[in-house]
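**Q** Pasting in a structure now, in structure tokens, and then I'll have a few things to ask.
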Amino acid sequence: MIIDILTIFPGMFESVFSSSILGRAREQKLLDIRLTDIRPFSASKHKNTDDYPFGGGAGMVMMAQPIQDAMASVSASLPGARRIYLGPRGRRLTTGVARELAAEKSLILLCGHYEGVDQRALDTCVDEEISIGDYILTGGELAAMVLVDCVARFIPGVLGSSDSPEEESFSDGLLEYPQYTRPRDLNGHTVPEVLLSGDHSKIRAWRRRESLAATLRHRPDLLESADLSPADHKILKELAHPCFSES
Ligand code: 4G4
């Protein structure tokens, strides 16, 4: 997959995209991340990318011209790419959206700054707006990094073959069960016995119960759309009314 990011701060992305799983995915050519600096596309003498808002008010607005020209240049090399603007008005980024975007051959991400982007650039250069959550950032760059990280996990081969994105939190709509590694005893804090038992069906059942318990406790709203079996519903009933369950 090719992702081209249009930004006035290309330097912000270096370490995030070179580390860990994203760095490996790029080395393996599973992911080609390109950074396009918008500033050189400015037609103004001093390569400005922002200007005062018509109608007055505080702050600056990103000019349409540099964005339109940068987008035209990048689009020419990536015909058919989905052009996404990261902004607080957008459709919320979820696991489902990430899975959908991971199926694309290429994406172009536009990062806004200041008070936002001249509406005419958005009208002519962008297919959709996506938001990573209900809060305001100083720029779209961090949102673009979050989107790339989240989407990359669904590109086949990016996670090791034994590690599936579909086994993580949210893919069945539940929160993750607790994880432990060595030592077995950390200053008296021990690992749950069942995980040392070697009984894999018992371990699976314990983990499912822990996922259900964590979801009920921390995000009960998720249970409404979660993928639940009759056995799961029985466990949830026990968890909600502990005094009625055996043992
Ligand atoms: C668009 C309009 C994304 C983009 C205004 C970007 C939050 C998100 C920006 C701005 C962003 C999000 C500078 C306010 C850049 N903030 N929730 N900031 N601002 O995905």
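Note on naming: chains are A, B, ... as they come in the structure tokens, residues start from 1 per chain, ligands start from 1 in the order shown.
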Check every protein, DNA and RNA residue against ligand 1, keep those with an atom at most 7 Å away (counting only C-alpha atoms and all ligand atoms), and present them as a PDB file with all heavy atoms, in the first residue's frame.
**A**
ATOM      1  N   LEU A  86      -7.674  14.946   7.526  1.00  0.00           N
ATOM      2  CA  LEU A  86      -7.826  14.652   8.944  1.00  0.00           C
ATOM      3  C   LEU A  86      -8.372  15.883   9.644  1.00  0.00           C
ATOM      4  O   LEU A  86      -7.702  16.921   9.669  1.00  0.00           O
ATOM      5  CB  LEU A  86      -6.471  14.276   9.567  1.00  0.00           C
ATOM      6  CG  LEU A  86      -5.885  12.900   9.303  1.00  0.00           C
ATOM      7  CD1 LEU A  86      -6.915  11.812   9.586  1.00  0.00           C
ATOM      8  CD2 LEU A  86      -5.341  12.764   7.904  1.00  0.00           C
ATOM      9  N   GLY A  87      -9.584  15.774  10.184  1.00  0.00           N
ATOM     10  CA  GLY A  87     -10.164  16.938  10.846  1.00  0.00           C
ATOM     11  C   GLY A  87     -11.279  16.555  11.783  1.00  0.00           C
ATOM     12  O   GLY A  87     -11.873  15.470  11.665  1.00  0.00           O
ATOM     13  N   PRO A  88     -11.548  17.439  12.765  1.00  0.00           N
ATOM     14  CA  PRO A  88     -12.518  17.109  13.812  1.00  0.00           C
ATOM     15  C   PRO A  88     -13.966  16.962  13.324  1.00  0.00           C
ATOM     16  O   PRO A  88     -14.792  16.431  14.055  1.00  0.00           O
ATOM     17  CB  PRO A  88     -12.380  18.268  14.808  1.00  0.00           C
ATOM     18  CG  PRO A  88     -11.591  19.325  14.143  1.00  0.00           C
ATOM     19  CD  PRO A  88     -10.849  18.719  13.012  1.00  0.00           C
ATOM     20  N   CYS A 111      -2.914  17.057   5.918  1.00  0.00           N
ATOM     21  CA  CYS A 111      -2.845  17.529   7.304  1.00  0.00           C
ATOM     22  C   CYS A 111      -3.071  19.034   7.350  1.00  0.00           C
ATOM     23  O   CYS A 111      -2.311  19.794   6.740  1.00  0.00           O
ATOM     24  CB  CYS A 111      -1.471  17.221   7.895  1.00  0.00           C
ATOM     25  SG  CYS A 111      -1.041  15.478   7.829  1.00  0.00           S
ATOM     26  N   GLY A 112      -4.088  19.438   8.087  1.00  0.00           N
ATOM     27  CA  GLY A 112      -4.395  20.860   8.215  1.00  0.00           C
ATOM     28  C   GLY A 112      -3.673  21.486   9.402  1.00  0.00           C
ATOM     29  O   GLY A 112      -3.190  20.778  10.304  1.00  0.00           O
ATOM     30  N   HIS A 113      -3.571  22.804   9.384  1.00  0.00           N
ATOM     31  CA  HIS A 113      -2.940  23.551  10.479  1.00  0.00           C
ATOM     32  C   HIS A 113      -3.659  24.860  10.702  1.00  0.00           C
ATOM     33  O   HIS A 113      -4.604  25.175   9.987  1.00  0.00           O
ATOM     34  CB  HIS A 113      -1.472  23.822  10.158  1.00  0.00           C
ATOM     35  CG  HIS A 113      -0.580  22.916  10.931  1.00  0.00           C
ATOM     36  ND1 HIS A 113      -0.136  23.219  12.191  1.00  0.00           N
ATOM     37  CD2 HIS A 113      -0.121  21.692  10.631  1.00  0.00           C
ATOM     38  CE1 HIS A 113       0.588  22.205  12.617  1.00  0.00           C
ATOM     39  NE2 HIS A 113       0.612  21.269  11.702  1.00  0.00           N
ATOM     40  N   TYR A 114      -3.190  25.636  11.670  1.00  0.00           N
ATOM     41  CA  TYR A 114      -3.782  26.939  12.002  1.00  0.00           C
ATOM     42  C   TYR A 114      -5.259  26.735  12.336  1.00  0.00           C
ATOM     43  O   TYR A 114      -5.586  25.806  13.061  1.00  0.00           O
ATOM     44  CB  TYR A 114      -3.565  27.942  10.856  1.00  0.00           C
ATOM     45  CG  TYR A 114      -2.158  27.925  10.330  1.00  0.00           C
ATOM     46  CD1 TYR A 114      -1.861  27.461   9.055  1.00  0.00           C
ATOM     47  CD2 TYR A 114      -1.093  28.308  11.147  1.00  0.00           C
ATOM     48  CE1 TYR A 114      -0.556  27.407   8.596  1.00  0.00           C
ATOM     49  CE2 TYR A 114       0.210  28.256  10.700  1.00  0.00           C
ATOM     50  CZ  TYR A 114       0.468  27.809   9.429  1.00  0.00           C
ATOM     51  OH  TYR A 114       1.747  27.746   8.987  1.00  0.00           O
ATOM     52  N   GLU A 115      -6.134  27.566  11.809  1.00  0.00           N
ATOM     53  CA  GLU A 115      -7.570  27.389  12.109  1.00  0.00           C
ATOM     54  C   GLU A 115      -8.226  26.420  11.139  1.00  0.00           C
ATOM     55  O   GLU A 115      -9.420  26.154  11.235  1.00  0.00           O
ATOM     56  CB  GLU A 115      -8.295  28.740  12.066  1.00  0.00           C
ATOM     57  CG  GLU A 115      -7.738  29.766  13.036  1.00  0.00           C
ATOM     58  CD  GLU A 115      -7.597  29.213  14.448  1.00  0.00           C
ATOM     59  OE1 GLU A 115      -8.592  28.709  14.989  1.00  0.00           O
ATOM     60  OE2 GLU A 115      -6.483  29.283  15.008  1.00  0.00           O
ATOM     61  N   GLY A 116      -7.449  25.902  10.183  1.00  0.00           N
ATOM     62  CA  GLY A 116      -8.006  24.985   9.196  1.00  0.00           C
ATOM     63  C   GLY A 116      -7.569  25.379   7.798  1.00  0.00           C
ATOM     64  O   GLY A 116      -6.617  26.139   7.625  1.00  0.00           O
ATOM     65  N   VAL A 117      -8.271  24.821   6.822  1.00  0.00           N
ATOM     66  CA  VAL A 117      -7.886  24.952   5.414  1.00  0.00           C
ATOM     67  C   VAL A 117      -8.987  25.714   4.685  1.00  0.00           C
ATOM     68  O   VAL A 117     -10.173  25.544   4.995  1.00  0.00           O
ATOM     69  CB  VAL A 117      -7.703  23.529   4.813  1.00  0.00           C
ATOM     70  CG1 VAL A 117      -7.587  23.570   3.308  1.00  0.00           C
ATOM     71  CG2 VAL A 117      -6.492  22.844   5.437  1.00  0.00           C
ATOM     72  N   ILE A 130     -11.847  12.490   7.935  1.00  0.00           N
ATOM     73  CA  ILE A 130     -11.858  11.492   9.011  1.00  0.00           C
ATOM     74  C   ILE A 130     -11.315  12.142  10.278  1.00  0.00           C
ATOM     75  O   ILE A 130     -10.338  12.905  10.234  1.00  0.00           O
ATOM     76  CB  ILE A 130     -11.036  10.235   8.624  1.00  0.00           C
ATOM     77  CG1 ILE A 130     -11.762   9.480   7.502  1.00  0.00           C
ATOM     78  CG2 ILE A 130     -10.797   9.331   9.832  1.00  0.00           C
ATOM     79  CD1 ILE A 130     -11.072   8.213   7.026  1.00  0.00           C
ATOM     80  N   SER A 131     -11.957  11.851  11.415  1.00  0.00           N
ATOM     81  CA  SER A 131     -11.531  12.348  12.721  1.00  0.00           C
ATOM     82  C   SER A 131     -11.068  11.175  13.576  1.00  0.00           C
ATOM     83  O   SER A 131     -11.685  10.110  13.565  1.00  0.00           O
ATOM     84  CB  SER A 131     -12.712  13.036  13.417  1.00  0.00           C
ATOM     85  OG  SER A 131     -12.432  13.217  14.800  1.00  0.00           O
ATOM     86  N   ILE A 132      -9.982  11.373  14.332  1.00  0.00           N
ATOM     87  CA  ILE A 132      -9.531  10.295  15.222  1.00  0.00           C
ATOM     88  C   ILE A 132     -10.188  10.383  16.596  1.00  0.00           C
ATOM     89  O   ILE A 132      -9.928   9.540  17.453  1.00  0.00           O
ATOM     90  CB  ILE A 132      -7.991  10.227  15.356  1.00  0.00           C
ATOM     91  CG1 ILE A 132      -7.422  11.493  16.010  1.00  0.00           C
ATOM     92  CG2 ILE A 132      -7.350   9.983  13.999  1.00  0.00           C
ATOM     93  CD1 ILE A 132      -6.010  11.291  16.557  1.00  0.00           C
ATOM     94  N   GLY A 133     -11.048  11.360  16.829  1.00  0.00           N
ATOM     95  CA  GLY A 133     -11.733  11.433  18.118  1.00  0.00           C
ATOM     96  C   GLY A 133     -12.203  12.846  18.395  1.00  0.00           C
ATOM     97  O   GLY A 133     -11.828  13.782  17.696  1.00  0.00           O
ATOM     98  N   ASP A 134     -13.015  12.978  19.440  1.00  0.00           N
ATOM     99  CA  ASP A 134     -13.613  14.279  19.735  1.00  0.00           C
ATOM    100  C   ASP A 134     -12.698  15.144  20.590  1.00  0.00           C
ATOM    101  O   ASP A 134     -12.936  15.323  21.788  1.00  0.00           O
ATOM    102  CB  ASP A 134     -14.966  14.088  20.434  1.00  0.00           C
ATOM    103  CG  ASP A 134     -16.025  13.611  19.462  1.00  0.00           C
ATOM    104  OD1 ASP A 134     -15.827  13.780  18.231  1.00  0.00           O
ATOM    105  OD2 ASP A 134     -17.047  13.071  19.917  1.00  0.00           O
ATOM    106  N   TYR A 135     -11.647  15.634  19.961  1.00  0.00           N
ATOM    107  CA  TYR A 135     -10.744  16.590  20.601  1.00  0.00           C
ATOM    108  C   TYR A 135     -10.018  17.318  19.487  1.00  0.00           C
ATOM    109  O   TYR A 135      -9.971  16.862  18.347  1.00  0.00           O
ATOM    110  CB  TYR A 135      -9.744  15.886  21.540  1.00  0.00           C
ATOM    111  CG  TYR A 135      -9.226  14.596  20.994  1.00  0.00           C
ATOM    112  CD1 TYR A 135      -8.195  14.588  20.050  1.00  0.00           C
ATOM    113  CD2 TYR A 135      -9.804  13.383  21.361  1.00  0.00           C
ATOM    114  CE1 TYR A 135      -7.744  13.400  19.515  1.00  0.00           C
ATOM    115  CE2 TYR A 135      -9.354  12.194  20.819  1.00  0.00           C
ATOM    116  CZ  TYR A 135      -8.321  12.206  19.899  1.00  0.00           C
ATOM    117  OH  TYR A 135      -7.883  11.037  19.350  1.00  0.00           O
ATOM    118  N   ILE A 136      -9.447  18.472  19.833  1.00  0.00           N
ATOM    119  CA  ILE A 136      -8.766  19.306  18.845  1.00  0.00           C
ATOM    120  C   ILE A 136      -7.262  19.174  19.025  1.00  0.00           C
ATOM    121  O   ILE A 136      -6.752  19.222  20.145  1.00  0.00           O
ATOM    122  CB  ILE A 136      -9.175  20.792  19.011  1.00  0.00           C
ATOM    123  CG1 ILE A 136     -10.696  20.949  18.891  1.00  0.00           C
ATOM    124  CG2 ILE A 136      -8.460  21.679  18.007  1.00  0.00           C
ATOM    125  CD1 ILE A 136     -11.260  20.556  17.557  1.00  0.00           C
ATOM    126  N   LEU A 137      -6.548  18.983  17.922  1.00  0.00           N
ATOM    127  CA  LEU A 137      -5.086  18.952  17.904  1.00  0.00           C
ATOM    128  C   LEU A 137      -4.595  20.233  17.241  1.00  0.00           C
ATOM    129  O   LEU A 137      -5.343  20.888  16.519  1.00  0.00           O
ATOM    130  CB  LEU A 137      -4.600  17.730  17.107  1.00  0.00           C
ATOM    131  CG  LEU A 137      -5.117  16.376  17.597  1.00  0.00           C
ATOM    132  CD1 LEU A 137      -4.849  15.296  16.551  1.00  0.00           C
ATOM    133  CD2 LEU A 137      -4.466  16.001  18.916  1.00  0.00           C
ATOM    134  N   THR A 138      -3.311  20.558  17.468  1.00  0.00           N
ATOM    135  CA  THR A 138      -2.790  21.779  16.842  1.00  0.00           C
ATOM    136  C   THR A 138      -2.595  21.595  15.344  1.00  0.00           C
ATOM    137  O   THR A 138      -2.492  22.568  14.602  1.00  0.00           O
ATOM    138  CB  THR A 138      -1.446  22.188  17.482  1.00  0.00           C
ATOM    139  OG1 THR A 138      -0.533  21.102  17.330  1.00  0.00           O
ATOM    140  CG2 THR A 138      -1.624  22.511  18.955  1.00  0.00           C
ATOM    141  N   GLY A 139      -2.518  20.358  14.902  1.00  0.00           N
ATOM    142  CA  GLY A 139      -2.374  20.091  13.479  1.00  0.00           C
ATOM    143  C   GLY A 139      -2.853  18.689  13.166  1.00  0.00           C
ATOM    144  O   GLY A 139      -3.047  17.871  14.072  1.00  0.00           O
ATOM    145  N   GLY A 140      -3.025  18.372  11.893  1.00  0.00           N
ATOM    146  CA  GLY A 140      -3.518  17.060  11.496  1.00  0.00           C
ATOM    147  C   GLY A 140      -2.442  15.979  11.479  1.00  0.00           C
ATOM    148  O   GLY A 140      -2.758  14.801  11.276  1.00  0.00           O
ATOM    149  N   ALA A 143      -2.881  13.096  13.932  1.00  0.00           N
ATOM    150  CA  ALA A 143      -4.039  12.298  13.504  1.00  0.00           C
ATOM    151  C   ALA A 143      -3.664  11.409  12.323  1.00  0.00           C
ATOM    152  O   ALA A 143      -4.070  10.241  12.260  1.00  0.00           O
ATOM    153  CB  ALA A 143      -5.207  13.216  13.153  1.00  0.00           C
TER     154      ALA A 143
END
**Q** Do you know which residues are at most 12 Å from region 34-45 of chain A counting only C-alpha atoms, after dropping those on the same chain fewer than 4 positions away, and could you put them as number ranges by chain?
**A** A: 1-14, 17, 26, 49-51, 62-75, 77-78, 106-113, 141, 144-145, 148
**Q** Kindly indicate which residue among A:Asp232, A:Asp185, A:Asp227, A:Asp149 lies nearest to Arg207 (chain A), using only C-alpha atoms for the distances.
**A** A:Asp232
**Q** Report as number ranges by chain: the residues of region 23-216 of chain A with a DSSP assignment of strand (DSSP E), based on the backbone of this structure.
**A** A: 32-37, 50-51, 61-62, 82-92, 106-111, 128-131, 185-186, 189-190
**Q** From the list A:Cys125, A:Val61, A:Ala98, A:Val158, which residue is nearest Ala81 (chain A) when using only C-alpha atoms?
**A**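 When distances to Ala81 (chain A) are compared using only C-alpha atoms, the smallest one comes from A:Cys125.
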**Q** Need to verify the contact set: Asp127 (chain A), 7 Å, only C-alpha atoms, exclusion of same-chain residues closer than 6 positions in sequence. Can you return it as a list in words?
**A**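 Neighbouring residues, sequence-local ones excluded: Arg82, Arg83 and Ile84 of chain A.
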**Q** Those selected residues, please, written with N, CA and C atoms and delivered as an mmCIF file, in the first residue's frame.
**A**
data_model
loop_
_atom_site.group_PDB
_atom_site.id
_atom_site.type_symbol
_atom_site.label_atom_id
_atom_site.label_comp_id
_atom_site.auth_asym_id
_atom_site.auth_seq_id
_atom_site.Cartn_x
_atom_site.Cartn_y
_atom_site.Cartn_z
ATOM 1 N N ARG A 82 -7.615 7.343 -2.598
ATOM 2 C CA ARG A 82 -8.607 8.013 -1.760
ATOM 3 C C ARG A 82 -7.940 9.174 -1.052
ATOM 4 N N ARG A 83 -8.543 10.375 -1.176
ATOM 5 C CA ARG A 83 -7.942 11.591 -0.612
ATOM 6 C C ARG A 83 -8.677 11.949 0.669
ATOM 7 N N ILE A 84 -7.941 11.866 1.774
ATOM 8 C CA ILE A 84 -8.544 12.008 3.108
ATOM 9 C C ILE A 84 -7.974 13.227 3.817
#
**Q** Measuring between only C-alpha atoms, which one of A:Glu176, A:Ile33, A:Gly23, A:Pro79 shows the shortest distance to His218 (chain A)?
**A** A:Glu176
**Q** Pick from A:Glu100, A:Leu147, A:Leu174, A:Phe154: nearest to Arg219 (chain A), with only C-alpha atoms counted?
**A**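 Under the stated criterion, the closest residue is A:Leu174.
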**Q** Just checking: using only C-alpha atoms, which residue out of A:Phe170, A:Trp206, A:Tyr180, A:Tyr85 ends up closest to Ser225 (chain A)?
**A**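 Answer, going by the shortest atom-to-atom distance: A:Phe170.
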**Q** Which residues are close to Leu196 (chain A), i.e. within 12 Å by only C-alpha atoms, leaving aside same-chain residues fewer than 4 positions away? Reply as an mmCIF file with N, CA and C atoms, in the first residue's frame.
**A**
data_model
loop_
_atom_site.group_PDB
_atom_site.id
_atom_site.type_symbol
_atom_site.label_atom_id
_atom_site.label_comp_id
_atom_site.auth_asym_id
_atom_site.auth_seq_id
_atom_site.Cartn_x
_atom_site.Cartn_y
_atom_site.Cartn_z
ATOM 1 N N TYR A 180 0.270 -11.557 30.945
ATOM 2 C CA TYR A 180 1.374 -11.698 31.906
ATOM 3 C C TYR A 180 2.574 -12.312 31.217
ATOM 4 N N THR A 181 3.779 -11.923 31.693
ATOM 5 C CA THR A 181 4.990 -12.609 31.261
ATOM 6 C C THR A 181 5.861 -12.845 32.492
ATOM 7 N N ARG A 182 7.067 -13.409 32.303
ATOM 8 C CA ARG A 182 7.913 -13.711 33.448
ATOM 9 C C ARG A 182 8.288 -12.455 34.225
ATOM 10 N N PRO A 183 8.515 -12.532 35.533
ATOM 11 C CA PRO A 183 8.516 -13.741 36.373
ATOM 12 C C PRO A 183 7.102 -14.138 36.826
ATOM 13 N N ARG A 184 6.984 -15.392 37.262
ATOM 14 C CA ARG A 184 5.699 -15.888 37.772
ATOM 15 C C ARG A 184 5.300 -15.166 39.047
ATOM 16 N N ASP A 185 6.301 -14.793 39.831
ATOM 17 C CA ASP A 185 6.034 -14.084 41.089
ATOM 18 C C ASP A 185 6.805 -12.767 41.084
ATOM 19 N N THR A 190 1.397 -12.617 41.875
ATOM 20 C CA THR A 190 1.586 -13.817 41.067
ATOM 21 C C THR A 190 0.696 -13.812 39.832
ATOM 22 N N VAL A 191 1.088 -14.650 38.882
ATOM 23 C CA VAL A 191 0.334 -14.834 37.644
ATOM 24 C C VAL A 191 -0.840 -15.783 37.935
ATOM 25 N N PRO A 192 -2.035 -15.503 37.399
ATOM 26 C CA PRO A 192 -3.165 -16.419 37.616
ATOM 27 C C PRO A 192 -2.789 -17.872 37.270
ATOM 28 N N HIS A 200 -5.303 -25.741 27.578
ATOM 29 C CA HIS A 200 -5.597 -24.639 26.655
ATOM 30 C C HIS A 200 -7.072 -24.304 26.546
ATOM 31 N N LYS A 202 -9.153 -24.527 29.101
ATOM 32 C CA LYS A 202 -9.412 -23.761 30.327
ATOM 33 C C LYS A 202 -8.879 -22.329 30.207
ATOM 34 N N ILE A 203 -7.695 -22.199 29.577
ATOM 35 C CA ILE A 203 -7.099 -20.858 29.392
ATOM 36 C C ILE A 203 -7.989 -20.010 28.490
#
**Q** One decimal, in Å: what's the spacing between CA of Val146 (chain A) and CA of Ala58 (chain A)?
**A**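 So the two atoms, CA of Val146 (chain A) and CA of Ala58 (chain A), lie 28.3 Å apart.
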**Q** Write out as number ranges by chain the set of residues from region 62-116 of chain A that DSSP, computed on the backbone, places in helix (DSSP H, G or I).
**A** A: 64-77, 95-102
**Q** Let me make sure I understand: among A:Ser18, A:Thr95, A:Ser211, A:Asn48, which one has the smallest atom-to-atom distance to Arg153 (chain A) if we use only C-alpha atoms?
**A**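 The shortest atom-to-atom distance to Arg153 (chain A) comes from A:Thr95.
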